[in-house]
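Data file: target.txt. Format and content: compact mmCIF, C-alpha atoms.
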# COMPACT_ATOMS: atom_id res chain seq x y z
CA MET S 1 -12.36 0.39 15.25
CA TYR S 2 -9.84 -2.48 15.29
CA ASN S 3 -9.99 -2.89 11.54
CA LEU S 4 -9.13 0.81 11.19
CA ILE S 5 -6.04 0.30 13.37
CA GLY S 6 -5.19 -2.73 11.25
CA ALA S 7 -5.60 -0.71 8.07
CA GLY S 8 -3.26 1.92 9.52
CA LEU S 9 -0.65 -0.74 10.35
CA ILE S 10 -0.91 -2.17 6.83
CA VAL S 11 -0.41 1.26 5.30
CA ILE S 12 2.61 1.92 7.55
CA GLY S 13 4.16 -1.39 6.51
CA ALA S 14 3.42 -0.92 2.83
CA GLY S 15 4.75 2.65 3.02
CA ILE S 16 8.05 1.51 4.53
CA GLY S 17 8.32 -1.20 1.88
CA LEU S 18 7.53 1.11 -1.02
CA GLY S 19 9.98 3.67 0.36
CA GLN S 20 12.71 1.03 0.48
CA ILE S 21 11.96 -0.14 -3.06
CA GLY S 22 11.87 3.39 -4.48
CA GLY S 23 14.90 4.57 -2.55
CA LYS S 24 17.09 1.61 -3.48
CA ALA S 25 15.99 1.86 -7.11
CA MET S 26 16.99 5.55 -7.10
CA GLU S 27 20.39 4.63 -5.64
CA GLY S 28 20.81 1.94 -8.25
CA ILE S 29 19.90 4.30 -11.08
CA ALA S 30 22.27 6.96 -9.72
CA ARG S 31 25.10 4.44 -9.66
CA GLN S 32 24.35 2.89 -13.04
CA PRO S 33 22.25 5.24 -15.17
CA GLU S 34 22.59 2.91 -18.16
CA ALA S 35 20.61 0.22 -16.29
CA THR S 36 17.64 2.55 -15.67
CA GLY S 37 15.20 0.56 -17.79
CA LYS S 38 15.93 -2.78 -16.13
CA ILE S 39 15.89 -1.30 -12.63
CA GLN S 40 12.57 0.43 -13.28
CA THR S 41 10.96 -2.78 -14.55
CA ALA S 42 12.14 -4.77 -11.54
CA MET S 43 11.08 -1.94 -9.24
CA ILE S 44 7.56 -1.86 -10.67
CA ILE S 45 7.20 -5.65 -10.42
CA ILE S 46 8.28 -5.74 -6.78
CA ALA S 47 6.13 -2.70 -5.97
CA ALA S 48 3.19 -4.47 -7.62
CA LEU S 49 3.79 -7.61 -5.56
CA LEU S 50 3.96 -5.55 -2.36
CA GLU S 51 0.84 -3.67 -3.35
CA GLY S 52 -0.98 -6.92 -4.01
CA LEU S 53 -0.07 -8.10 -0.52
CA ALA S 54 -1.15 -4.83 1.12
CA PHE S 55 -4.42 -4.69 -0.79
CA GLY S 56 -5.09 -8.34 -0.03
CA ALA S 57 -4.68 -7.59 3.69
CA LEU S 58 -6.88 -4.48 3.48
CA PHE S 59 -9.48 -6.45 1.56
CA LEU S 60 -9.53 -9.28 4.12
CA GLY S 61 -9.71 -6.81 6.99
CA LYS S 62 -12.63 -4.89 5.55
CA MET Q 1 -13.50 18.66 -14.41
CA LEU Q 2 -16.32 17.15 -16.42
CA PHE Q 3 -16.32 14.23 -14.02
CA ALA Q 4 -16.35 16.51 -11.01
CA SER Q 5 -19.16 18.65 -12.35
CA THR Q 6 -21.32 15.69 -13.32
CA ILE Q 7 -20.90 14.02 -9.98
CA ALA Q 8 -21.71 17.36 -8.38
CA LEU Q 9 -24.96 17.35 -10.35
CA ALA Q 10 -25.60 13.80 -9.31
CA GLU Q 11 -24.75 14.52 -5.71
CA THR Q 12 -26.84 17.66 -5.25
CA PRO Q 13 -30.22 15.97 -4.80
CA VAL Q 14 -28.76 14.02 -1.89
CA LYS Q 15 -28.64 17.30 -0.02
CA ASP Q 16 -31.85 18.65 -1.48
CA GLY Q 17 -33.58 15.40 -0.71
CA ALA Q 18 -34.06 16.68 2.83
CA ASN Q 19 -37.60 17.75 1.92
CA ASP Q 20 -38.45 14.18 0.88
CA GLY Q 21 -38.73 12.94 4.40
CA GLY Q 22 -37.29 14.53 7.50
CA GLN Q 23 -33.63 15.04 8.34
CA ILE Q 24 -30.95 13.41 6.23
CA ASP Q 25 -27.53 12.50 7.52
CA THR Q 26 -25.31 13.80 4.73
CA LYS Q 27 -22.34 11.61 5.59
CA THR Q 28 -24.43 8.44 5.46
CA GLU Q 29 -26.02 9.56 2.21
CA VAL Q 30 -22.62 10.18 0.65
CA GLU Q 31 -21.37 6.78 1.79
CA GLU Q 32 -24.45 5.11 0.32
CA TYR Q 33 -24.00 6.98 -2.93
CA ILE Q 34 -20.36 5.90 -3.26
CA LEU Q 35 -21.15 2.28 -2.42
CA HIS Q 36 -23.94 2.33 -4.98
CA HIS Q 37 -21.52 3.59 -7.61
CA ILE Q 38 -18.92 0.92 -6.79
CA GLN Q 39 -21.54 -1.81 -7.28
CA ASP Q 40 -22.84 -3.02 -10.60
CA SER Q 41 -26.42 -1.98 -11.38
CA HIS Q 42 -29.32 -3.04 -13.53
CA ASP Q 43 -29.99 0.38 -15.02
CA PHE Q 44 -27.86 3.09 -16.52
CA HIS Q 45 -28.31 5.94 -14.07
CA LEU Q 46 -26.71 9.29 -14.95
CA PHE Q 47 -28.15 11.61 -12.29
CA SER Q 48 -31.34 12.42 -10.45
CA TYR Q 49 -32.89 15.59 -9.07
CA THR Q 50 -35.96 16.79 -7.22
CA ASN Q 51 -38.15 19.09 -9.28
CA ASP Q 52 -40.20 22.05 -8.05
CA ALA Q 53 -43.20 19.83 -7.40
CA GLY Q 54 -41.08 17.77 -4.99
CA GLU Q 55 -40.94 14.71 -7.23
CA ARG Q 56 -37.74 12.75 -7.61
CA LYS Q 57 -36.71 12.59 -11.31
CA HIS Q 58 -34.12 10.07 -12.53
CA ILE Q 59 -32.17 10.62 -15.73
CA GLY Q 60 -30.76 7.53 -17.39
CA PHE Q 61 -32.02 4.54 -19.34
CA PRO Q 62 -33.10 1.02 -18.36
CA LEU Q 63 -31.24 -2.16 -19.29
CA PRO Q 64 -32.72 -5.59 -19.99
CA VAL Q 65 -33.08 -8.03 -17.10
CA ILE Q 66 -32.55 -11.67 -18.10
CA ILE Q 67 -33.01 -14.13 -15.25
CA TRP Q 68 -33.35 -17.87 -14.88
CA THR Q 69 -36.16 -18.48 -12.40
CA SER Q 70 -38.07 -21.52 -11.14
CA ASN Q 71 -40.44 -21.00 -14.11
CA GLY Q 72 -37.59 -20.82 -16.62
CA LEU Q 73 -36.17 -17.87 -18.51
CA THR Q 74 -37.78 -14.51 -17.74
CA THR Q 75 -36.95 -11.18 -19.35
CA PHE Q 76 -38.17 -7.63 -18.76
CA MET Q 77 -36.74 -4.12 -18.65
CA SER Q 78 -35.25 -2.84 -15.42
CA SER Q 79 -37.45 0.27 -15.67
CA GLU Q 80 -40.26 -1.84 -14.17
CA PHE Q 81 -38.54 -1.56 -10.81
CA HIS Q 82 -38.93 2.27 -10.99
CA HIS Q 83 -35.44 2.84 -9.53
CA ASP Q 84 -36.44 1.08 -6.35
CA ASP Q 85 -33.56 -0.75 -4.68
CA SER Q 86 -35.03 -1.72 -1.33
CA GLY Q 87 -37.61 -4.41 -2.18
CA GLN Q 88 -40.63 -2.08 -2.16
CA VAL Q 89 -41.66 -2.43 -5.82
CA ILE Q 90 -42.88 -5.90 -6.81
CA VAL Q 91 -42.81 -6.87 -10.50
CA GLU Q 92 -45.07 -9.70 -11.67
CA LYS Q 93 -43.76 -11.63 -14.68
CA ASN Q 94 -44.24 -15.18 -15.89
CA GLY Q 95 -46.46 -16.02 -12.91
CA LEU Q 96 -43.77 -15.05 -10.39
CA LYS Q 97 -43.07 -11.97 -8.32
CA PHE Q 98 -39.67 -10.24 -8.39
CA THR Q 99 -38.09 -7.43 -6.45
CA LYS Q 100 -34.71 -5.70 -6.37
CA ILE Q 101 -32.74 -5.34 -3.13
CA HIS Q 102 -29.26 -3.77 -3.18
CA SER Q 103 -28.85 -4.29 -6.94
CA LYS Q 104 -29.70 -7.99 -6.66
CA ILE Q 105 -32.90 -9.45 -8.07
CA TYR Q 106 -34.92 -11.68 -5.75
CA GLU Q 107 -37.77 -14.05 -6.54
CA LEU Q 108 -40.54 -14.04 -3.92
CA ASP Q 109 -41.62 -17.40 -2.56
CA ALA Q 110 -45.06 -18.72 -3.57
CA GLY Q 111 -47.89 -16.95 -1.75
CA ALA Q 112 -45.79 -13.98 -0.62
CA SER Q 113 -46.82 -10.53 -1.85
CA THR Q 114 -44.39 -8.31 0.08
CA VAL Q 115 -40.82 -8.86 1.17
CA ALA Q 116 -40.25 -9.59 4.84
CA PHE Q 117 -36.87 -8.70 6.35
CA ASP Q 118 -35.16 -10.11 9.41
CA GLU Q 119 -33.20 -7.85 11.78
CA ASP Q 120 -30.04 -8.03 9.59
CA HIS Q 121 -32.09 -6.68 6.67
CA HIS Q 122 -31.96 -10.01 4.83
CA ALA Q 123 -35.06 -11.04 2.92
CA THR Q 124 -36.68 -14.05 4.60
CA ASN Q 125 -39.35 -14.99 2.03
CA ALA Q 126 -37.40 -14.38 -1.19
CA HIS Q 127 -34.38 -15.98 -2.83
CA LYS Q 128 -31.83 -14.90 -5.43
CA VAL Q 129 -32.15 -16.02 -9.04
CA LEU Q 130 -29.55 -16.88 -11.68
CA ASP Q 131 -28.93 -13.47 -13.21
CA PHE Q 132 -27.73 -13.15 -16.83
CA SER Q 133 -28.84 -9.53 -17.14
CA ILE Q 134 -27.16 -6.99 -19.36
CA THR Q 135 -25.98 -4.86 -16.44
CA LYS Q 136 -23.99 -1.64 -16.61
CA SER Q 137 -20.69 -3.55 -16.47
CA VAL Q 138 -21.80 -5.91 -19.23
CA VAL Q 139 -22.64 -2.86 -21.36
CA GLY Q 140 -19.13 -1.55 -20.67
CA VAL Q 141 -17.48 -4.84 -21.60
CA LEU Q 142 -19.54 -5.19 -24.82
CA LEU Q 143 -18.88 -1.57 -25.77
CA ILE Q 144 -15.12 -1.90 -25.32
CA GLY Q 145 -15.09 -5.29 -27.06
CA LEU Q 146 -16.82 -3.76 -30.07
CA LEU Q 147 -14.55 -0.69 -30.08
CA MET Q 148 -11.42 -2.82 -29.85
CA PHE Q 149 -12.66 -5.11 -32.62
CA VAL Q 150 -13.27 -2.15 -34.94
CA TRP Q 151 -10.03 -0.34 -34.11
CA PHE Q 152 -7.70 -3.30 -34.36
CA SER Q 153 -9.26 -5.00 -37.36
CA ARG Q 154 -8.96 -1.67 -39.21
CA LEU Q 155 -5.34 -1.36 -38.08
CA ALA Q 156 -4.60 -4.91 -39.25
CA LYS Q 157 -6.24 -4.28 -42.63
CA GLN Q 158 -4.14 -1.17 -43.19
CA TYR Q 159 -0.92 -3.15 -43.02
CA LYS Q 160 -1.97 -5.14 -46.09
CA LYS Q 161 -1.83 -2.02 -48.25
CA LYS Q 162 0.88 0.14 -46.71
CA ALA Q 163 3.66 0.05 -44.18
CA ILE Q 164 2.52 2.98 -42.03
CA PRO Q 165 -1.05 3.17 -40.72
CA THR Q 166 -3.04 6.37 -41.03
CA GLY Q 167 -5.60 8.02 -38.80
CA PHE Q 168 -6.29 6.48 -35.40
CA GLY Q 169 -4.02 3.54 -36.26
CA ARG Q 170 -1.06 5.85 -35.72
CA VAL Q 171 -2.06 6.15 -32.07
CA LEU Q 172 -2.46 2.41 -31.67
CA GLU Q 173 0.69 1.26 -33.46
CA PRO Q 174 3.24 2.47 -30.88
CA LEU Q 175 1.12 0.98 -28.08
CA VAL Q 176 0.93 -2.38 -29.85
CA LEU Q 177 4.69 -2.30 -30.41
CA TYR Q 178 5.20 -1.30 -26.78
CA VAL Q 179 3.26 -4.32 -25.49
CA ARG Q 180 5.10 -6.62 -27.87
CA ASP Q 181 8.64 -5.31 -27.43
CA GLU Q 182 8.63 -4.14 -23.81
CA ILE Q 183 6.27 -6.62 -22.16
CA ALA Q 184 5.92 -9.84 -24.18
CA ARG Q 185 9.36 -10.25 -25.72
CA PRO Q 186 11.66 -9.70 -22.72
CA ASN Q 187 9.47 -11.66 -20.27
CA ILE Q 188 8.45 -14.65 -22.36
CA GLY Q 189 11.56 -15.01 -24.48
CA GLU Q 190 12.36 -14.76 -28.17
CA LYS Q 191 11.21 -18.29 -28.98
CA HIS Q 192 7.66 -18.35 -27.60
CA TYR Q 193 6.50 -14.75 -27.32
CA ARG Q 194 4.53 -14.75 -30.59
CA ARG Q 195 2.00 -17.29 -29.30
CA PHE Q 196 1.05 -15.15 -26.30
CA THR Q 197 1.33 -11.62 -27.66
CA GLY Q 198 -2.30 -11.70 -28.85
CA TYR Q 199 -3.61 -12.48 -25.38
CA LEU Q 200 -1.34 -9.96 -23.67
CA MET Q 201 -2.34 -7.23 -26.12
CA THR Q 202 -6.05 -7.97 -25.62
CA VAL Q 203 -5.74 -7.91 -21.84
CA PHE Q 204 -3.67 -4.73 -21.88
CA PHE Q 205 -6.03 -2.72 -24.05
CA PHE Q 206 -9.14 -4.18 -22.41
CA ILE Q 207 -8.03 -3.19 -18.92
CA TRP Q 208 -6.58 0.15 -19.93
CA ILE Q 209 -9.59 1.36 -21.92
CA LEU Q 210 -12.01 0.14 -19.24
CA ASN Q 211 -9.95 1.90 -16.56
CA LEU Q 212 -10.12 5.13 -18.56
CA LEU Q 213 -13.85 4.60 -19.14
CA GLY Q 214 -14.20 4.44 -15.36
CA LEU Q 215 -12.85 8.00 -15.15
CA THR Q 216 -15.52 9.40 -17.48
CA PRO Q 217 -18.76 10.78 -16.02
CA PHE Q 218 -20.79 7.77 -17.17
CA GLY Q 219 -20.06 6.01 -13.90
CA PHE Q 220 -18.66 2.74 -15.21
CA ASN Q 221 -16.73 0.68 -12.69
CA VAL Q 222 -16.03 -2.44 -14.73
CA THR Q 223 -12.44 -3.21 -13.72
CA GLY Q 224 -13.52 -2.57 -10.12
CA GLN Q 225 -15.85 -5.58 -10.21
CA LEU Q 226 -14.42 -8.70 -8.61
CA ALA Q 227 -16.14 -10.90 -11.21
CA VAL Q 228 -14.39 -9.14 -14.11
CA THR Q 229 -10.91 -9.17 -12.58
CA ALA Q 230 -11.38 -12.76 -11.42
CA CYS Q 231 -12.22 -13.80 -14.98
CA LEU Q 232 -9.13 -12.06 -16.34
CA ALA Q 233 -6.94 -13.70 -13.70
CA ILE Q 234 -8.45 -17.11 -14.49
CA PHE Q 235 -7.64 -16.61 -18.20
CA THR Q 236 -4.01 -15.99 -17.26
CA LEU Q 237 -4.05 -19.00 -14.91
CA ILE Q 238 -5.42 -21.29 -17.63
CA ILE Q 239 -2.92 -20.03 -20.20
CA TYR Q 240 0.20 -20.47 -18.10
CA THR Q 241 -0.99 -23.75 -16.62
CA ALA Q 242 -1.88 -25.21 -20.01
CA SER Q 243 1.32 -24.07 -21.70
CA GLY Q 244 3.67 -25.09 -18.89
CA ASN Q 245 6.43 -27.38 -20.14
CA LYS Q 246 8.11 -30.37 -18.48
CA ASP Q 247 10.70 -28.25 -16.70
CA TYR Q 248 8.01 -26.00 -15.24
CA TRP Q 249 6.05 -28.89 -13.74
CA MET Q 250 9.22 -30.57 -12.50
CA HIS Q 251 10.26 -27.39 -10.74
CA ILE Q 252 6.83 -27.23 -9.11
CA LEU Q 253 6.26 -30.88 -8.17
CA TRP Q 254 9.77 -32.25 -7.64
CA MET Q 255 12.20 -29.36 -7.30
CA PRO Q 256 15.64 -30.44 -8.46
CA GLY Q 257 18.67 -29.58 -6.42
CA VAL Q 258 17.15 -29.60 -2.92
CA PRO Q 259 17.23 -32.38 -0.30
CA ILE Q 260 14.63 -35.09 -0.97
CA LEU Q 261 12.77 -34.52 2.34
CA ILE Q 262 12.12 -30.88 1.51
CA ARG Q 263 10.76 -31.61 -1.97
CA PRO Q 264 7.15 -32.50 -0.96
CA VAL Q 265 6.97 -29.40 1.25
CA LEU Q 266 8.26 -27.26 -1.58
CA ALA Q 267 5.81 -28.92 -3.96
CA LEU Q 268 2.91 -27.87 -1.72
CA ILE Q 269 4.14 -24.30 -1.51
CA GLU Q 270 4.83 -24.11 -5.23
CA LEU Q 271 1.43 -25.58 -6.11
CA ALA Q 272 -0.36 -23.10 -3.86
CA GLY Q 273 1.71 -20.32 -5.40
CA ALA Q 274 1.05 -21.33 -8.98
CA LEU Q 275 -2.64 -22.18 -8.71
CA ILE Q 276 -3.95 -19.83 -5.99
CA ILE Q 277 -1.62 -17.02 -4.95
CA LYS Q 278 -0.57 -15.81 -8.41
CA PRO Q 279 -4.11 -15.39 -9.83
CA PHE Q 280 -5.40 -14.11 -6.47
CA SER Q 281 -2.79 -11.37 -6.34
CA LEU Q 282 -3.61 -10.44 -9.96
CA LEU Q 283 -7.33 -10.14 -9.34
CA VAL Q 284 -7.16 -8.40 -5.97
CA ARG Q 285 -4.60 -5.85 -7.14
CA LEU Q 286 -6.65 -4.67 -10.10
CA PHE Q 287 -9.96 -4.73 -8.20
CA ALA Q 288 -8.63 -2.95 -5.13
CA ASN Q 289 -6.68 -0.30 -7.05
CA ILE Q 290 -9.57 0.71 -9.26
CA SER Q 291 -12.20 0.54 -6.51
CA ALA Q 292 -9.98 2.49 -4.11
CA GLY Q 293 -9.34 5.08 -6.81
CA HIS Q 294 -13.05 5.55 -7.44
CA ILE Q 295 -13.80 5.78 -3.71
CA VAL Q 296 -11.06 8.39 -3.18
CA VAL Q 297 -12.17 10.55 -6.13
CA MET Q 298 -15.81 10.44 -5.07
CA SER Q 299 -14.99 11.10 -1.40
CA LEU Q 300 -12.96 14.16 -2.39
CA ILE Q 301 -15.86 15.39 -4.51
CA ALA Q 302 -18.17 14.78 -1.55
CA ILE Q 303 -16.03 17.21 0.51
CA MET Q 304 -18.09 20.04 -0.94
CA PHE Q 305 -21.11 18.69 0.91
CA THR Q 306 -19.55 17.36 4.09
CA LEU Q 307 -17.44 20.48 4.73
CA LYS Q 308 -20.01 22.98 3.46
CA LYS Q 309 -20.95 24.05 6.97
CA SER Q 310 -17.45 24.61 8.28
CA LEU Q 311 -15.76 26.08 5.17
CA GLY Q 312 -18.66 27.77 3.41
CA VAL Q 313 -19.86 27.06 -0.11
CA VAL Q 314 -16.92 28.64 -1.97
CA GLY Q 315 -14.25 27.21 0.32
CA ALA Q 316 -15.58 23.65 0.30
CA THR Q 317 -16.21 23.63 -3.46
CA SER Q 318 -12.77 25.00 -4.39
CA LEU Q 319 -11.02 22.63 -1.97
CA SER Q 320 -12.84 19.62 -3.37
CA LEU Q 321 -12.32 20.78 -6.96
CA VAL Q 322 -8.54 21.16 -6.52
CA LEU Q 323 -8.12 17.87 -4.64
CA SER Q 324 -10.35 15.80 -6.93
CA PHE Q 325 -8.77 17.33 -10.05
CA PHE Q 326 -5.28 16.24 -9.07
CA ILE Q 327 -6.39 12.85 -7.81
CA THR Q 328 -8.20 12.31 -11.12
CA LEU Q 329 -4.94 13.11 -12.93
CA ILE Q 330 -3.15 10.53 -10.76
CA GLU Q 331 -5.95 8.07 -11.56
CA VAL Q 332 -5.22 8.49 -15.28
CA LEU Q 333 -1.67 7.38 -14.52
CA VAL Q 334 -2.95 4.51 -12.33
CA ALA Q 335 -5.25 3.40 -15.15
CA PHE Q 336 -2.24 2.84 -17.38
CA LEU Q 337 -0.04 1.47 -14.61
CA GLN Q 338 -2.55 -1.20 -13.56
CA ALA Q 339 -3.06 -2.34 -17.16
CA TYR Q 340 0.73 -2.46 -17.54
CA ILE Q 341 1.27 -4.39 -14.30
CA PHE Q 342 -1.47 -6.93 -15.05
CA THR Q 343 -0.04 -7.56 -18.53
CA MET Q 344 3.53 -7.54 -17.24
CA LEU Q 345 2.86 -10.08 -14.49
CA SER Q 346 0.83 -12.26 -16.88
CA ALA Q 347 3.77 -12.22 -19.27
CA LEU Q 348 6.15 -13.01 -16.41
CA PHE Q 349 4.05 -15.99 -15.25
CA ILE Q 350 3.72 -17.29 -18.81
CA GLY Q 351 7.44 -16.77 -19.28
CA MET Q 352 8.18 -18.86 -16.17
CA ALA Q 353 5.97 -21.66 -17.53
CA VAL Q 354 7.54 -21.83 -20.98
CA ALA Q 355 11.17 -21.03 -20.05
CA GLU Q 356 13.56 -23.52 -21.56
CA HIS Q 357 16.64 -24.70 -19.76
CA ASP Q 358 18.86 -24.98 -22.76
CA HIS Q 359 22.09 -24.95 -20.77
CA ASP Q 360 23.70 -28.15 -19.52
CA HIS Q 361 23.61 -29.02 -15.86
CA ASP Q 362 26.36 -30.75 -13.98
CA HIS Q 363 25.13 -33.89 -12.28
CA ASP Q 364 26.39 -35.38 -9.07
CA ASP Q 365 26.87 -39.11 -8.39
CA HIS Q 366 23.17 -39.73 -7.77
CA GLY Q 367 22.09 -38.13 -11.00
CA HIS Q 368 20.83 -34.95 -9.32
CA GLU Q 369 21.36 -31.66 -11.05
CA ILE Q 370 23.82 -29.33 -9.40
CA PRO Q 371 22.34 -25.85 -9.71
CA ASP Q 372 24.61 -23.36 -11.40
CA ALA Q 373 24.56 -19.60 -11.11
CA GLU Q 374 21.89 -19.26 -13.79
CA ASP Q 375 19.51 -21.56 -11.91
CA VAL Q 376 20.01 -19.63 -8.71
CA ARG Q 377 19.23 -16.42 -10.54
CA ALA Q 378 16.18 -17.89 -12.27
CA ASP Q 379 14.79 -19.25 -9.01
CA PHE Q 380 15.45 -15.97 -7.29
CA ILE Q 381 13.49 -14.06 -9.92

Show how you would write the structure in this file as structure tokens.
Amino acid sequence: MYNLIGAGLIVIGAGIGLGQIGGKAMEGIARQPEATGKIQTAMIIIAALLEGLAFGALFLGK
Amino acid sequence: MLFASTIALAETPVKDGANDGGQIDTKTEVEEYILHHIQDSHDFHLFSYTNDAGERKHIGFPLPVIIWTSNGLTTFMSSEFHHDDSGQVIVEKNGLKFTKIHSKIYELDAGASTVAFDEDHHATNAHKVLDFSITKSVVGVLLIGLLMFVWFSRLAKQYKKKAIPTGFGRVLEPLVLYVRDEIARPNIGEKHYRRFTGYLMTVFFFIWILNLLGLTPFGFNVTGQLAVTACLAIFTLIIYTASGNKDYWMHILWMPGVPILIRPVLALIELAGALIIKPFSLLVRLFANISAGHIVVMSLIAIMFTLKKSLGVVGATSLSLVLSFFITLIEVLVAFLQAYIFTMLSALFIGMAVAEHDHDHDHDDHGHEIPDAEDVRADFI
């Protein structure tokens, strides 16, 4: 039961984080369309780091 | 679709199995089935059904079991276990008795003829053996290794004769160039990228093809095995640790440009980051993504059994078909994305280790480097 609540909290946190990353990347691309490639690469790296953290937490809580 | 239909075939006997012995809790059965798929196994099991005579038939083929026991090396085919996975079937080989419990092979202690379990369902009179078996995952790894060897050696040979490859090489060439020009070159740097492109390319194609193989109906889950992803992460760890230059180690052990009291603390954090956290995040990300993907796809397929009562046969089947179809499409994207991210982060870590500080630093009176804007940026990244 508690690990399910924990999993929910992790997903909420990761969702907020991913939303921030995606949203800011969109803003950045809208402001500077010529930097799309660089912004996308950085976005994917940071999203991957966040995902690693979230999955690590889910894995430990299992 | 093929995946969905095959799993449906594989899943059906779970429901029909009710005439094997009393009532069956469908939800528990589905959970067991999914967990069994996520695990590695000693035989190649495609599907099973119950025939008109009420017998359980298994379709698939056995794989060799190679174990190191207290009497030395022992080999036999996994078919001798007769698909038993609960320690009921005892195989006698080489003067010892073996049984299989939850996909692990146990050697019975001397004198024991059946397995005794304690209340946690752990075997009390049997112990695990060193297992070098050709399991399903090993078959997957060998298969992809062979395929990659054939494809890429042919591609390499073609370049000796002509500038543009023909046939399947035309599919591979843009991918090879993509890994080199979009992943290796910008992250490692113009000077060193050639040394590491081979490794990055191997890792990329290995993970990607195995991820895609996991989406076929054969039920492979190779990149969802912790042992496989851990090995890949350890390769990356060894490569960037062994190729780290003087600057890299100095920035880990004795960070320039920070107060002297903070340097040992930073060294601890940096060491933990470089030796534990980086490979751990690599291995957990790949493992968790692929395992989670498989669990989600199979759970959505299982909807047609769990919701059969409330939605009816047509409703439950169409719902699960639509959901699992689109999730499988997303999984195709994830298969590429995870291979890309693993390769990308490996390249990034290698790039950090071999980066050269070819610009001059200003030094203060004590000989310490004063960090300039480029340092700040490099540390931030």

*How many Å separate CA of Leu215 in chain Q from CA of Ile101 in chain Q?*
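Distance between the two atoms: 26.8 Å.
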
*asked:* Please determine, counting all atoms listed in the file, which residue among S:Ile5, S:Ile10, S:Ala35, S:Ile46 has the shortest atom-to-atom distance to Leu58 in chain S.
replied: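 Of the candidates, the smallest distance to Leu58 in chain S is held by S:Ile10.
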
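For Ala7 in chain S, the residues within 10 Å (counting all atoms listed in the file, excluding itself and residues fewer than 4 positions away along the chain) are Met1, Tyr2, Asn3, Val11, Ile12, Gly13, Ala54, Phe55, Ala57, Leu58, Phe59, Gly61 and Lys62 of chain S.
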
*Pick out the closest residue to chain S from this set: Q:Ala110, Q:Met352, Q:Ala233, Q:Val284. Count all atoms listed in the file.*
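Of all the options, Q:Val284 lies closest to chain S.
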
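Interatomic distance, CA of Arg170 in chain Q against CA of Gln158 in chain Q: 10.7 Å.
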
Near chain Q, which residues of chain S fall within 8 Å when you count all atoms listed in the file, and what do they look like as a short mmCIF file (atom, residue, chain, number, x, y, z; two decimals) with C-alpha atoms, in the coordinates of the input?
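For reference, out.cif as written:
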data_model
loop_
_atom_site.label_atom_id
_atom_site.label_comp_id
_atom_site.auth_asym_id
_atom_site.auth_seq_id
_atom_site.Cartn_x
_atom_site.Cartn_y
_atom_site.Cartn_z
CA ILE S 44 7.56 -1.86 -10.67
CA ILE S 45 7.20 -5.65 -10.42
CA ALA S 48 3.19 -4.47 -7.62
CA LEU S 49 3.79 -7.61 -5.56
CA GLU S 51 0.84 -3.67 -3.35
CA GLY S 52 -0.98 -6.92 -4.01
CA LEU S 53 -0.07 -8.10 -0.52
CA PHE S 55 -4.42 -4.69 -0.79
CA GLY S 56 -5.09 -8.34 -0.03
CA PHE S 59 -9.48 -6.45 1.56
#

*Which residue of Q:Ile276, Q:Val171, Q:Ile290, Q:Leu253 approaches Val228 in chain Q most closely, using all atoms listed in the file*: Q:Ile290

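Put simply, CA of Leu213 in chain Q is 18.0 Å away from CA of Phe168 in chain Q.
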
*Residue contacts of Met43 in chain S (12 Å, only C-alpha atoms) excluding same-chain residues fewer than 3 positions away, as a list in words*: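 In the requested format, the answer is Gly17, Leu18, Gly19, Gln20, Ile21, Gly22, Gly23, Lys24, Ala25, Met26, Glu27, Gly28, Ile29, Thr36, Gly37, Lys38, Ile39, Gln40, Ile46, Ala47, Ala48, Leu49, Leu50 and Glu51 of chain S; Ile341 of chain Q.
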
*asked:* I'd like the contact shell of Asp84 in chain Q - 12 Å cut-off, only C-alpha atoms, skipping same-chain residues fewer than 2 positions apart - returned as a PyMOL selection string.
replied: chain Q and resi 41-43+56+58+78-82+86-91+98-105
